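Asker: Before we start, here is the structure in question, set down as structure tokens.
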Amino acid sequence: MGRLLRRSFLPTRVGDLCKNFELCAKALEFSLIIVYNKGVFFYGEGGERVAHHRPTQRERNPYPYSDTNKRYFTYDYYLRRTFGGKCAKIPLDIGLSCPNIDGRCGTGGCIYCSGRGSGDFAASPLLSVREQYDLVRAQLSAKWSVERCIAYFQAHTNTYAPLSFLRERFEEALALDGVVGLNVATRADCLEEDVLAYLGELAERTVLTVELGLQTAHDETAKRINRGHTWAQFCAGFEALRRQSDRIGICVHLIFGLPGETDAMMLETVRRVAELRPDQFKIHLLHVLRGTRLGEMYEAGEYAPPERERYIGLVVSALTMLPPDTVVARLTGDGAADDLLAPAWSRRKKSVLNDIDKMLVERDLYQGCALGGEERI
Ligand code: SF4
């Protein structure tokens with residue numbers, strides 16, 4: 001029977017390692033097994049090394065909510081665990097507006113907002129929910145599996161309408177073929193009592209995620225970008241959703257690279273949001289789009305987007321500060337490619353994501369590793 005001389009892996013990782021390799025069975029017959037960071041060495045009776053296994057990044061990944069080399073809680077992992085496989089997210093636009101566009105708390109909207117209110121990939125709001133869904137689903141089916149779909153009410157503020165109007169559209173979506181869940185993008189200052197009650201009811205019938213745009217916890221930045229609400233208003237809306245039902249998933253959106261924000265400010269936003277314990281978290285890179293106020297600032301030399309390396313470093317730091325079981329639904333932005341003025345490097349989204357993974361491995365970091373106490377894995 002072999003004996004384990006030294007463990008550099010967590011015990012569970014030794015188990016995983018052994019489970020995954022036939023060597024394990026044989027290993028127990030060896031006289032000595034040494035587990036190093038760089039691999040497992042098996043020695044025979046005479047002290048000779050008879051086998052060596054160098055673990056892959058996946059096997060050496062210390063982060064528990066992952067079955068790949070990813071060191072954070074990916075949306076893909078969440079979908080597989082929740083729905084049994086990948087789901088297509090179908091963007092919908094039901095023709096609503098926002099309170100910082102129509103005058104309730106401002107006009108002009110957020111300075112970076114495209115005219116479609118983040119619904120650039122949705123079909124026309126003149127079409128019914130079913131028509132939009134069928135159209136986008138058919139387009140996506142060329143590339144992705146659309147067997148399971150999440151109806152994503154994405155454009156503008158999707159709780160900023162009378163309840164009867166919302167109910168009709170949400171129920172229509174829920175009844176569509178292939179729909180396994182609803183995502184509703186909105187603002188924390190647009191959650192009336194009757195809408196909250198309905199969301200609570202919906203969450204009993206489907207997997208419901210409410211996506212709340214925060215973007216920054218700093219009121220001076222919120223003012224600069226014409227956000228139209230404060231941190232305190234955001235927290236009030238967040239808490240109201242939580243009180244309504246713990247079955248409502250909450251996803252908080254942040255933006256890195258907002259004008260006037262330092263790295264410390266962005267990470268302070270992450271820290272404050274992490275304390276709220278949302279179910280999901282999205283980090284967007286600020287995209288400068290043609291035809292927006294931000295686009296004008298950029299062209300006038302009043303705004304410069306973050307450099308690629310700085311953004312990657314910020315994202316990595318943010319991940320280390322998030323509770324390990326929070327789903328990370330996005331780590332970059334998805335702007336309308338034709339209207340993108342800057343940053344040009346953001347077009348290569350996959351390479352940015354790869355370099356985030358790379359930095360996590362090189363520095364041996366993972367989601368939540370900077371947290372102390374019970375939060376830490
Ligand atoms: S709240 Fe969202 S949709 Fe509305 S103006 Fe701001 S970015 Fe655009």
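Starting from 1 in every chain, residues are counted up; chains themselves are A, B, ... following the order of the structure tokens, and ligands are numbered from 1 as listed.
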For the structure I just gave you, how does DSSP split stretch 53-260 of chain A - specifically, which residues are strand (DSSP E)? Reply as a ChimeraX atom specification.
Answerer: /A:53,88-92,149-153,179-186,207-215,249-256
Asker: Write out as a ChimeraX atom specification each polymer residue whose atoms come within 10 Å of A:Tyr63, counting only C-alpha atoms; drop sequence neighbours fewer than 3 positions from it.
Answerer: /A:58,60,66-73,324,365-369,377
Asker: I need the residues from that last selection saved to file as a CSV table (one decimal), in the first residue's frame (with N, CA and C atoms), if you can.
Answerer:
```csv
chain,number,residue,atom,x,y,z
A,58,ARG,N,-7.2,22.6,-14.8
A,58,ARG,CA,-8.5,22.3,-14.3
A,58,ARG,C,-8.4,21.5,-12.9
A,60,ARG,N,-5.9,21.6,-10.9
A,60,ARG,CA,-5.3,22.4,-9.9
A,60,ARG,C,-6.1,23.6,-9.5
A,66,SER,N,-16.8,25.2,-10.0
A,66,SER,CA,-16.3,25.2,-11.3
A,66,SER,C,-16.0,23.7,-11.7
A,67,ASP,N,-16.3,23.3,-12.9
A,67,ASP,CA,-15.8,22.0,-13.4
A,67,ASP,C,-14.9,22.2,-14.6
A,68,THR,N,-14.4,23.4,-14.7
A,68,THR,CA,-13.4,23.7,-15.8
A,68,THR,C,-12.2,24.4,-15.1
A,69,ASN,N,-11.4,25.0,-16.0
A,69,ASN,CA,-10.3,25.8,-15.4
A,69,ASN,C,-10.7,27.2,-14.9
A,70,LYS,N,-12.0,27.5,-15.1
A,70,LYS,CA,-12.5,28.9,-14.7
A,70,LYS,C,-12.4,29.0,-13.1
A,71,ARG,N,-11.9,30.2,-12.7
A,71,ARG,CA,-11.7,30.4,-11.3
A,71,ARG,C,-12.8,31.4,-10.8
A,72,TYR,N,-13.9,31.4,-11.4
A,72,TYR,CA,-15.0,32.2,-10.9
A,72,TYR,C,-16.3,31.5,-11.4
A,73,PHE,N,-17.4,31.9,-10.8
A,73,PHE,CA,-18.7,31.2,-11.0
A,73,PHE,C,-19.3,31.6,-12.3
A,324,PRO,N,-17.8,33.8,-3.0
A,324,PRO,CA,-17.6,32.7,-4.0
A,324,PRO,C,-18.8,32.1,-4.7
A,365,LEU,N,-5.1,33.2,-7.9
A,365,LEU,CA,-6.3,33.9,-7.3
A,365,LEU,C,-7.6,33.2,-7.8
A,366,TYR,N,-8.6,33.5,-7.1
A,366,TYR,CA,-9.9,32.9,-7.6
A,366,TYR,C,-11.0,33.7,-6.9
A,367,GLN,N,-12.2,33.5,-7.3
A,367,GLN,CA,-13.4,34.4,-6.8
A,367,GLN,C,-13.5,34.2,-5.3
A,368,GLY,N,-13.5,35.3,-4.6
A,368,GLY,CA,-13.7,35.3,-3.1
A,368,GLY,C,-12.4,35.1,-2.3
A,369,CYS,N,-11.2,34.9,-3.0
A,369,CYS,CA,-10.1,34.6,-2.2
A,369,CYS,C,-9.6,35.7,-1.3
A,377,ILE,N,-13.4,30.6,1.1
A,377,ILE,CA,-13.5,29.2,0.9
A,377,ILE,C,-12.5,28.5,1.8
```
Asker: With distances taken over only C-alpha atoms, which residue among A:Glu147, A:Glu299, A:Glu172, A:Glu239 lies nearest A:Leu191?
Answerer: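 Once distances to A:Leu191 are computed over only C-alpha atoms, the minimum belongs to A:Glu239.
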Asker: Produce as number ranges by chain the set of residues near ligand 1, where near means within 9 Å with only C-alpha atoms and all ligand atoms considered.
Answerer: A: 97-101, 107-119, 154-157, 185-187, 213-214, 225-228
Asker: Can you tell me which residues surround A:Pro278 at a distance of at most 8 Å, considering only C-alpha atoms, apart from same-chain residues fewer than 2 positions away, and format the answer as a list of chain:residue names?
Answerer: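 Here the qualifying residues turn out to be A:Gly249, A:Ile250, A:Cys251, A:Val252, A:Val273, A:Ala274, A:Leu276, A:Gln280, A:Phe281, A:Thr326.
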Asker: Could you take the residues named above and write them with C-alpha atoms, as a compact mmCIF listing (two decimals), in the first residue's frame?
Answerer:
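Written output follows (result18.txt):
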```
# COMPACT_ATOMS: atom_id res chain seq x y z
CA GLY A 249 -32.80 36.19 -8.20
CA ILE A 250 -31.10 39.57 -8.25
CA CYS A 251 -28.34 40.42 -10.68
CA VAL A 252 -26.48 43.71 -10.18
CA VAL A 273 -22.32 45.44 -3.80
CA ALA A 274 -20.64 42.29 -2.50
CA LEU A 276 -25.47 43.19 -0.37
CA GLN A 280 -25.55 37.42 -9.77
CA PHE A 281 -23.14 40.10 -10.79
CA THR A 326 -22.20 34.67 -6.55
```
Asker: Hey, can you check how far atom CA of A:Asn354 sits from atom CA of A:Ala88?
Answerer: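 Interatomic distance here is 22.1 Å.
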Asker: Looking at only C-alpha atoms, which of A:Ser145, A:Ser317, A:Thr209, A:Gln139 is the one that sits closest to A:Ala329?
Answerer: A:Thr209
Asker: Rank A:Phe256, A:Tyr77, A:Trp231, A:Phe170 by their smallest atom-to-atom distance to A:Ala318, using only C-alpha atoms, and report the top residue only.
Answerer: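 Among the listed residues, the smallest separation from A:Ala318 belongs to A:Phe256.
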Asker: As a ChimeraX atom specification, please: the residues near A:Leu163 (cut-off 9 Å, only C-alpha atoms, same-chain neighbours under 3 positions excluded).
Answerer: /A:159-160,166-168,194-195,198
Asker: For a quick check of understanding, using only C-alpha atoms, which of A:Leu285, A:Thr292, A:Glu204, A:Ala123 has the smallest distance to A:Arg347?
Answerer: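 With only C-alpha atoms as the atom set, the closest residue is A:Leu285.
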Asker: Select, from A:Gly333, A:Ser124, A:Ala264, A:Leu241, the residue with the minimum atom-to-atom distance to A:Glu193, counting only C-alpha atoms.
Answerer: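 The answer is A:Leu241, which sits nearest to A:Glu193.
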Asker: Which one is closest to A:Gly106: A:His53, A:Lys223, A:Arg205, A:Arg348? Count only C-alpha atoms.
Answerer: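 Of all the options, A:Lys223 lies closest to A:Gly106.
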Asker: Can you list, as a VMD selection string, every protein, DNA or RNA residue that comes within 6 Å of A:Leu182 when you count only C-alpha atoms, leaving out same-chain residues fewer than 3 positions away?
Answerer: chain A and resid 150 to 152 208
Asker: Can those selected residues be exported to a file as a JSON list (two decimals), in the first residue's frame so that it contains N, CA and C atoms?
Answerer:
```json
[["chain", "number", "residue", "atom", "x", "y", "z"],
["A", 150, "ILE", "N", -34.21, 31.70, -22.21],
["A", 150, "ILE", "CA", -34.61, 32.64, -21.18],
["A", 150, "ILE", "C", -35.12, 33.88, -21.90],
["A", 151, "ALA", "N", -36.35, 34.25, -21.62],
["A", 151, "ALA", "CA", -36.91, 35.47, -22.21],
["A", 151, "ALA", "C", -36.35, 36.65, -21.42],
["A", 152, "TYR", "N", -35.60, 37.50, -22.12],
["A", 152, "TYR", "CA", -34.87, 38.58, -21.44],
["A", 152, "TYR", "C", -35.48, 39.93, -21.81],
["A", 208, "LEU", "N", -36.91, 33.33, -12.04],
["A", 208, "LEU", "CA", -36.97, 34.77, -12.34],
["A", 208, "LEU", "C", -35.72, 35.46, -11.83]]
```
